[in-house]
$ cat model02.txt   # compact mmCIF, C-alpha atoms and all ligand atoms
# COMPACT_ATOMS: atom_id res chain seq x y z
CA MET A 1 -3.54 19.70 -27.07
CA SER A 2 -1.10 17.82 -29.27
CA SER A 3 0.01 14.38 -28.24
CA PHE A 4 3.53 15.73 -27.84
CA SER A 5 2.67 18.22 -25.12
CA LEU A 6 0.45 15.63 -23.49
CA GLU A 7 3.42 13.30 -23.27
CA CYS A 8 5.53 16.09 -21.86
CA SER A 9 3.10 16.79 -19.05
CA ASN A 10 2.96 13.07 -18.27
CA MET A 11 6.74 13.04 -18.18
CA ASP A 12 6.66 15.93 -15.70
CA ASP A 13 4.23 14.00 -13.51
CA VAL A 14 6.48 10.96 -13.58
CA ILE A 15 9.53 13.02 -12.64
CA GLN A 16 7.60 14.78 -9.88
CA LEU A 17 6.36 11.46 -8.51
CA LYS A 18 9.86 10.02 -8.65
CA THR A 19 11.22 12.99 -6.68
CA LYS A 20 8.42 12.65 -4.14
CA VAL A 21 9.02 8.92 -3.70
CA GLU A 22 12.78 9.45 -3.42
CA LYS A 23 12.21 11.93 -0.60
CA ARG A 24 9.80 9.60 1.18
CA LEU A 25 12.25 6.70 0.96
CA LYS A 26 15.06 8.79 2.44
CA LEU A 27 12.75 10.13 5.13
CA TYR A 28 12.04 6.55 6.19
CA GLY A 29 15.70 5.55 6.13
CA LEU A 30 15.52 3.57 2.89
CA ARG A 31 18.19 3.91 0.24
CA PRO A 32 16.41 4.73 -3.04
CA THR A 33 17.40 1.72 -5.14
CA LYS A 34 15.88 1.20 -8.58
CA ALA A 35 13.46 -1.45 -7.32
CA ARG A 36 12.37 0.64 -4.32
CA LEU A 37 11.76 3.65 -6.54
CA ARG A 38 9.70 1.63 -9.03
CA ILE A 39 7.60 -0.07 -6.39
CA GLY A 40 7.31 3.13 -4.39
CA MET A 41 6.04 4.98 -7.44
CA MET A 42 3.41 2.31 -7.94
CA LEU A 43 2.19 2.29 -4.34
CA LEU A 44 2.57 5.88 -3.23
CA ASP A 45 1.08 8.04 -5.97
CA HIS A 46 -2.50 7.43 -4.80
CA PRO A 47 -3.85 5.62 -1.75
CA LYS A 48 -3.99 1.96 -2.67
CA HIS A 49 -3.82 -1.61 -1.49
CA LEU A 50 -1.80 -4.13 -3.41
CA SER A 51 -0.53 -7.62 -2.71
CA ALA A 52 3.04 -8.57 -3.61
CA GLU A 53 1.65 -10.64 -6.49
CA GLN A 54 -0.24 -7.65 -7.86
CA VAL A 55 2.82 -5.41 -7.63
CA TYR A 56 4.89 -8.06 -9.41
CA GLU A 57 2.31 -8.50 -12.20
CA ARG A 58 1.96 -4.76 -12.76
CA LEU A 59 5.71 -4.31 -13.04
CA LEU A 60 5.88 -7.09 -15.62
CA GLU A 61 2.98 -5.53 -17.54
CA LYS A 62 4.93 -2.29 -17.69
CA GLY A 63 7.88 -4.18 -19.11
CA HIS A 64 10.12 -4.02 -16.06
CA SER A 65 12.17 -7.10 -15.36
CA ILE A 66 12.25 -7.76 -11.66
CA SER A 67 12.30 -10.94 -9.59
CA LYS A 68 9.50 -11.91 -7.26
CA ALA A 69 12.02 -12.10 -4.41
CA THR A 70 12.98 -8.46 -4.98
CA VAL A 71 9.32 -7.42 -4.88
CA TYR A 72 8.77 -9.30 -1.61
CA ASN A 73 11.97 -7.96 -0.06
CA THR A 74 11.17 -4.41 -1.09
CA LEU A 75 7.62 -4.53 0.28
CA ASN A 76 8.85 -6.06 3.53
CA ALA A 77 11.45 -3.31 3.87
CA PHE A 78 8.73 -0.69 3.25
CA ALA A 79 6.51 -2.26 5.90
CA GLU A 80 9.34 -2.65 8.40
CA LYS A 81 10.16 1.06 8.15
CA GLY A 82 6.50 2.10 8.31
CA LEU A 83 6.31 3.47 4.79
CA VAL A 84 3.33 1.19 4.11
CA ASN A 85 1.03 -0.80 6.37
CA GLN A 86 0.55 -4.52 6.10
CA VAL A 87 -3.05 -5.65 6.10
CA ALA A 88 -3.60 -9.35 6.76
CA VAL A 89 -7.14 -9.99 5.59
CA ASP A 90 -6.58 -13.03 3.48
CA PRO A 91 -4.56 -15.89 4.99
CA SER A 92 -3.03 -16.60 1.58
CA ARG A 93 -1.67 -13.12 0.98
CA MET A 94 -0.60 -9.92 2.60
CA TYR A 95 -1.76 -6.58 1.32
CA TYR A 96 0.36 -3.45 1.44
CA ASP A 97 -1.49 -0.24 2.20
CA SER A 98 -0.07 3.15 1.27
CA THR A 99 -2.35 4.84 3.79
CA THR A 100 -0.53 4.47 7.08
CA ASN A 101 -2.79 6.32 9.50
CA ALA A 102 -5.39 4.29 11.40
CA HIS A 103 -8.40 3.29 9.32
CA HIS A 104 -10.66 0.33 8.69
CA HIS A 105 -11.38 -1.78 5.63
CA PHE A 106 -14.03 -3.51 3.63
CA PHE A 107 -12.58 -6.66 2.10
CA ASN A 108 -14.46 -8.15 -0.81
CA ILE A 109 -13.80 -11.87 -0.62
CA ASP A 110 -15.07 -12.38 -4.18
CA THR A 111 -12.76 -9.88 -5.83
CA GLY A 112 -9.95 -9.71 -3.29
CA GLN A 113 -10.30 -5.92 -3.20
CA LEU A 114 -9.77 -3.78 -0.13
CA PHE A 115 -11.59 -0.48 0.36
CA ASP A 116 -10.80 2.09 3.00
CA ILE A 117 -13.26 3.04 5.71
CA PRO A 118 -12.23 6.33 7.36
CA SER A 119 -11.77 5.81 11.09
CA ASP A 120 -14.44 8.43 11.83
CA ASP A 121 -17.06 6.45 9.90
CA LEU A 122 -16.95 3.53 12.28
CA SER A 123 -17.09 3.58 16.04
CA VAL A 124 -16.54 0.67 18.36
CA GLU A 125 -18.42 0.41 21.59
CA ASN A 126 -17.99 -2.15 24.32
CA ILE A 127 -14.41 -3.09 23.86
CA PRO A 128 -13.91 -6.12 26.10
CA ARG A 129 -11.68 -5.81 29.12
CA LEU A 130 -8.09 -6.15 28.02
CA PRO A 131 -5.85 -8.87 29.39
CA GLU A 132 -3.85 -7.65 32.36
CA ASN A 133 -0.90 -5.37 31.74
CA THR A 134 -1.84 -4.66 28.16
CA LYS A 135 -3.06 -1.63 26.29
CA ILE A 136 -4.56 -1.11 22.87
CA GLN A 137 -1.93 -0.50 20.25
CA ASP A 138 -4.21 -0.43 17.26
CA LEU A 139 -7.84 -1.02 16.47
CA GLU A 140 -8.38 -1.94 12.87
CA ILE A 141 -11.57 -3.53 11.68
CA VAL A 142 -12.01 -5.54 8.53
CA ILE A 143 -15.58 -6.00 7.33
CA LYS A 144 -15.69 -8.90 4.93
CA ILE A 145 -18.18 -8.49 2.10
CA LYS A 146 -19.16 -10.50 -0.95
CA ASN A 147 -21.01 -9.78 -4.15
CA LYS A 148 -24.78 -10.27 -4.15
ZN ZN A 201 -6.42 1.03 3.63
$ encode --input "model02.txt" --output "structure tokens" --more "lines below"
Ligand SMILES: [Zn+2]
Amino acid sequence: MSSFSLECSNMDDVIQLKTKVEKRLKLYGLRPTKARLRIGMMLLDHPKHLSAEQVYERLLEKGHSISKATVYNTLNAFAEKGLVNQVAVDPSRMYYDSTTNAHHHFFNIDTGQLFDIPSDDLSVENIPRLPENTKIQDLEIVIKIKNK
């Protein structure tokens, strides 16, 4: 395959992804601004977990000029509308998870990486009695790990 056709197929992928993200944004009631499209394309092409810092750094690496405030505002808007999940594993930073159905995580405290655990792979027994007049909204477990 020549490099030209390779580039063309990559272009097609980019356009396809952009269309997909645009649809998702509209579906979740978000106007597809330039920043939302860019950040959406980064987060939503494959399941992934990124902090606002990581999103910001990757955009700069790709040569996009964007302010940190815009990245934070965009991610907050995504989370507010349910397009991504917020995962608070590290008190110093929030992670944004493109997988929004219920699942658990391994969090490597040495590398700061989050890995998905499918909800079927982990079962919880003996849930303590809930405080009165409450019900379980969500049960998400974070298993903290470190390198040996
Ligand atoms: Zn996850």
$ closest_residue --input "model02.txt" --among "A:Lys62, A:Arg31, A:Lys68, A:His104" --to "ligand ZN 201 (chain A)" --atoms "all atoms listed in the file"
A:His104
$ closest_residue --input "model02.txt" --among "A:Lys23, A:His49, A:Lys144, A:Lys34" --to "Arg93 of chain A" --atoms "only C-alpha atoms"
A:His49
$ residues_around --input "model02.txt" --residues "segment 118-125 of chain A" --least-positions-apart "2" --cutoff "7 Å" --atoms "all atoms listed in the file" --output "PyMOL selection string"
chain A and resi 102-104+116+127
$ residues_near_ligand --input "model02.txt" --ligand "ligand ZN 201 (chain A)" --cutoff "10 Å" --atoms "only C-alpha atoms and all ligand atoms" --output "number ranges by chain"
A: 47-50, 84-87, 95-107, 114-118, 140, 142
$ atom_distance --input "model02.txt" --atom1 "atom CA of Thr19 of chain A" --atom2 "atom CA of Ala69 of chain A"
25.2 Å
$ atom_distance --input "model02.txt" --atom1 "atom CA of Met94 of chain A" --atom2 "atom CA of Ile141 of chain A"
15.6 Å
$ atom_distance --input "model02.txt" --atom1 "atom CA of Ser92 of chain A" --atom2 "atom CA of Pro32 of chain A"
29.2 Å
$ residues_around --input "model02.txt" --residues "segment 72-75 of chain A" --least-positions-apart "2" --cutoff "8 Å" --atoms "only C-alpha atoms" --output "ChimeraX atom specification"
/A:35-36,39,52,68-70,77-79,96
$ residues_around --input "model02.txt" --residues "Arg38 of chain A" --least-positions-apart "3" --cutoff "10 Å" --atoms "only C-alpha atoms" --output "list in words"
Lys18, Val21, Pro32, Thr33, Lys34, Ala35, Met41, Met42, Leu43, Val55, Leu59, His64 and Val71 of chain A
$ closest_residue --input "model02.txt" --among "A:Asn147, A:Asn108, A:Ser67, A:Asn126" --to "Asp90 of chain A" --atoms "all atoms listed in the file"
A:Asn108
$ axis_aligned_box --input "model02.txt" --around "segment 18-26 of chain A" --padding-each-side "5 Å" --output "lines of an AutoDock Vina configuration file"
center_x = 11.7
center_y = 9.8
center_z = -3.1
size_x = 16.6
size_y = 16.3
size_z = 21.1
$ closest_residue --input "model02.txt" --among "A:Leu83, A:Ile66, A:Leu60, A:Ile15" --to "Tyr28 of chain A" --atoms "all atoms listed in the file"
A:Leu83
$ residues_around --input "model02.txt" --residues "Lys20 of chain A" --least-positions-apart "3" --cutoff "12 Å" --atoms "only C-alpha atoms" --output "list in words"
Asp13, Val14, Ile15, Gln16, Leu17, Lys23, Arg24, Leu25, Lys26, Leu27, Pro32, Leu37, Gly40, Met41, Leu44 and Asp45 of chain A
$ closest_residue --input "model02.txt" --among "A:Glu132, A:Asp110, A:Glu57, A:Glu80" --to "Gly29 of chain A" --atoms "only C-alpha atoms"
A:Glu80
$ closest_residue --input "model02.txt" --among "A:Arg58, A:Gly112, A:Leu130, A:Asn10" --to "Ala88 of chain A" --atoms "only C-alpha atoms"
A:Gly112
$ decode --input "model02.txt" --residues "segment 5-44 of chain A" --atoms "N, CA and C atoms" --output "compact mmCIF listing (two decimals), in the first residue's frame"
# COMPACT_ATOMS: atom_id res chain seq x y z
N SER A 5 -2.40 6.20 -0.11
CA SER A 5 -3.69 5.56 0.19
C SER A 5 -3.83 5.29 1.69
N LEU A 6 -2.67 5.06 2.33
CA LEU A 6 -2.71 4.87 3.78
C LEU A 6 -3.24 6.13 4.46
N GLU A 7 -2.73 7.27 3.99
CA GLU A 7 -3.19 8.54 4.55
C GLU A 7 -4.67 8.74 4.31
N CYS A 8 -5.10 8.34 3.12
CA CYS A 8 -6.51 8.50 2.77
C CYS A 8 -7.40 7.70 3.72
N SER A 9 -6.99 6.45 3.98
CA SER A 9 -7.84 5.64 4.86
C SER A 9 -7.83 6.21 6.27
N ASN A 10 -6.68 6.77 6.70
CA ASN A 10 -6.66 7.41 8.01
C ASN A 10 -7.60 8.61 8.04
N MET A 11 -7.59 9.36 6.94
CA MET A 11 -8.48 10.52 6.83
C MET A 11 -9.93 10.07 6.97
N ASP A 12 -10.26 8.97 6.29
CA ASP A 12 -11.63 8.45 6.38
C ASP A 12 -11.99 8.11 7.82
N ASP A 13 -11.05 7.48 8.51
CA ASP A 13 -11.29 7.13 9.91
C ASP A 13 -11.56 8.37 10.75
N VAL A 14 -10.75 9.40 10.49
CA VAL A 14 -10.89 10.64 11.26
C VAL A 14 -12.26 11.26 11.01
N ILE A 15 -12.66 11.27 9.73
CA ILE A 15 -13.96 11.86 9.38
C ILE A 15 -15.09 11.04 10.00
N GLN A 16 -14.94 9.72 9.93
CA GLN A 16 -15.96 8.83 10.52
C GLN A 16 -16.09 9.07 12.02
N LEU A 17 -14.92 9.17 12.68
CA LEU A 17 -14.91 9.39 14.13
C LEU A 17 -15.56 10.73 14.46
N LYS A 18 -15.23 11.74 13.64
CA LYS A 18 -15.77 13.07 13.88
C LYS A 18 -17.31 13.05 13.78
N THR A 19 -17.80 12.35 12.78
CA THR A 19 -19.26 12.23 12.58
C THR A 19 -19.89 11.52 13.77
N LYS A 20 -19.22 10.44 14.21
CA LYS A 20 -19.73 9.67 15.35
C LYS A 20 -19.79 10.54 16.61
N VAL A 21 -18.70 11.29 16.85
CA VAL A 21 -18.64 12.12 18.05
C VAL A 21 -19.69 13.24 17.97
N GLU A 22 -19.85 13.81 16.79
CA GLU A 22 -20.84 14.87 16.59
C GLU A 22 -22.24 14.36 16.95
N LYS A 23 -22.54 13.16 16.50
CA LYS A 23 -23.84 12.56 16.80
C LYS A 23 -24.01 12.33 18.30
N ARG A 24 -22.95 11.80 18.93
CA ARG A 24 -23.01 11.54 20.37
C ARG A 24 -23.25 12.83 21.14
N LEU A 25 -22.52 13.89 20.76
CA LEU A 25 -22.66 15.17 21.45
C LEU A 25 -24.11 15.66 21.36
N LYS A 26 -24.66 15.60 20.16
CA LYS A 26 -26.04 16.08 19.97
C LYS A 26 -27.03 15.23 20.76
N LEU A 27 -26.77 13.92 20.75
CA LEU A 27 -27.63 12.99 21.49
C LEU A 27 -27.68 13.34 22.98
N TYR A 28 -26.54 13.83 23.49
CA TYR A 28 -26.46 14.17 24.91
C TYR A 28 -26.74 15.65 25.17
N GLY A 29 -27.27 16.34 24.17
CA GLY A 29 -27.66 17.73 24.35
C GLY A 29 -26.49 18.70 24.41
N LEU A 30 -25.38 18.34 23.76
CA LEU A 30 -24.21 19.22 23.77
C LEU A 30 -23.98 19.77 22.36
N ARG A 31 -23.89 21.09 22.27
CA ARG A 31 -23.60 21.69 20.97
C ARG A 31 -22.17 21.32 20.55
N PRO A 32 -22.00 20.81 19.32
CA PRO A 32 -20.65 20.36 18.93
C PRO A 32 -19.70 21.50 18.60
N THR A 33 -19.15 22.13 19.61
CA THR A 33 -18.15 23.17 19.40
C THR A 33 -16.83 22.50 19.00
N LYS A 34 -15.90 23.33 18.55
CA LYS A 34 -14.59 22.81 18.11
C LYS A 34 -13.91 22.05 19.25
N ALA A 35 -13.90 22.66 20.44
CA ALA A 35 -13.22 22.04 21.58
C ALA A 35 -13.89 20.73 21.97
N ARG A 36 -15.22 20.72 21.97
CA ARG A 36 -15.94 19.49 22.35
C ARG A 36 -15.68 18.38 21.35
N LEU A 37 -15.62 18.74 20.07
CA LEU A 37 -15.35 17.74 19.05
C LEU A 37 -13.94 17.15 19.23
N ARG A 38 -12.97 18.04 19.44
CA ARG A 38 -11.58 17.58 19.59
C ARG A 38 -11.43 16.66 20.80
N ILE A 39 -11.97 17.10 21.92
CA ILE A 39 -11.83 16.33 23.15
C ILE A 39 -12.66 15.05 23.06
N GLY A 40 -13.83 15.17 22.46
CA GLY A 40 -14.68 14.00 22.26
C GLY A 40 -13.99 12.96 21.40
N MET A 41 -13.30 13.41 20.35
CA MET A 41 -12.62 12.48 19.47
C MET A 41 -11.48 11.77 20.18
N MET A 42 -10.88 12.47 21.15
CA MET A 42 -9.79 11.86 21.91
C MET A 42 -10.32 10.82 22.89
N LEU A 43 -11.45 11.13 23.52
CA LEU A 43 -11.96 10.25 24.59
C LEU A 43 -12.82 9.10 24.07
N LEU A 44 -13.53 9.33 22.97
CA LEU A 44 -14.61 8.41 22.64
C LEU A 44 -14.29 7.41 21.53
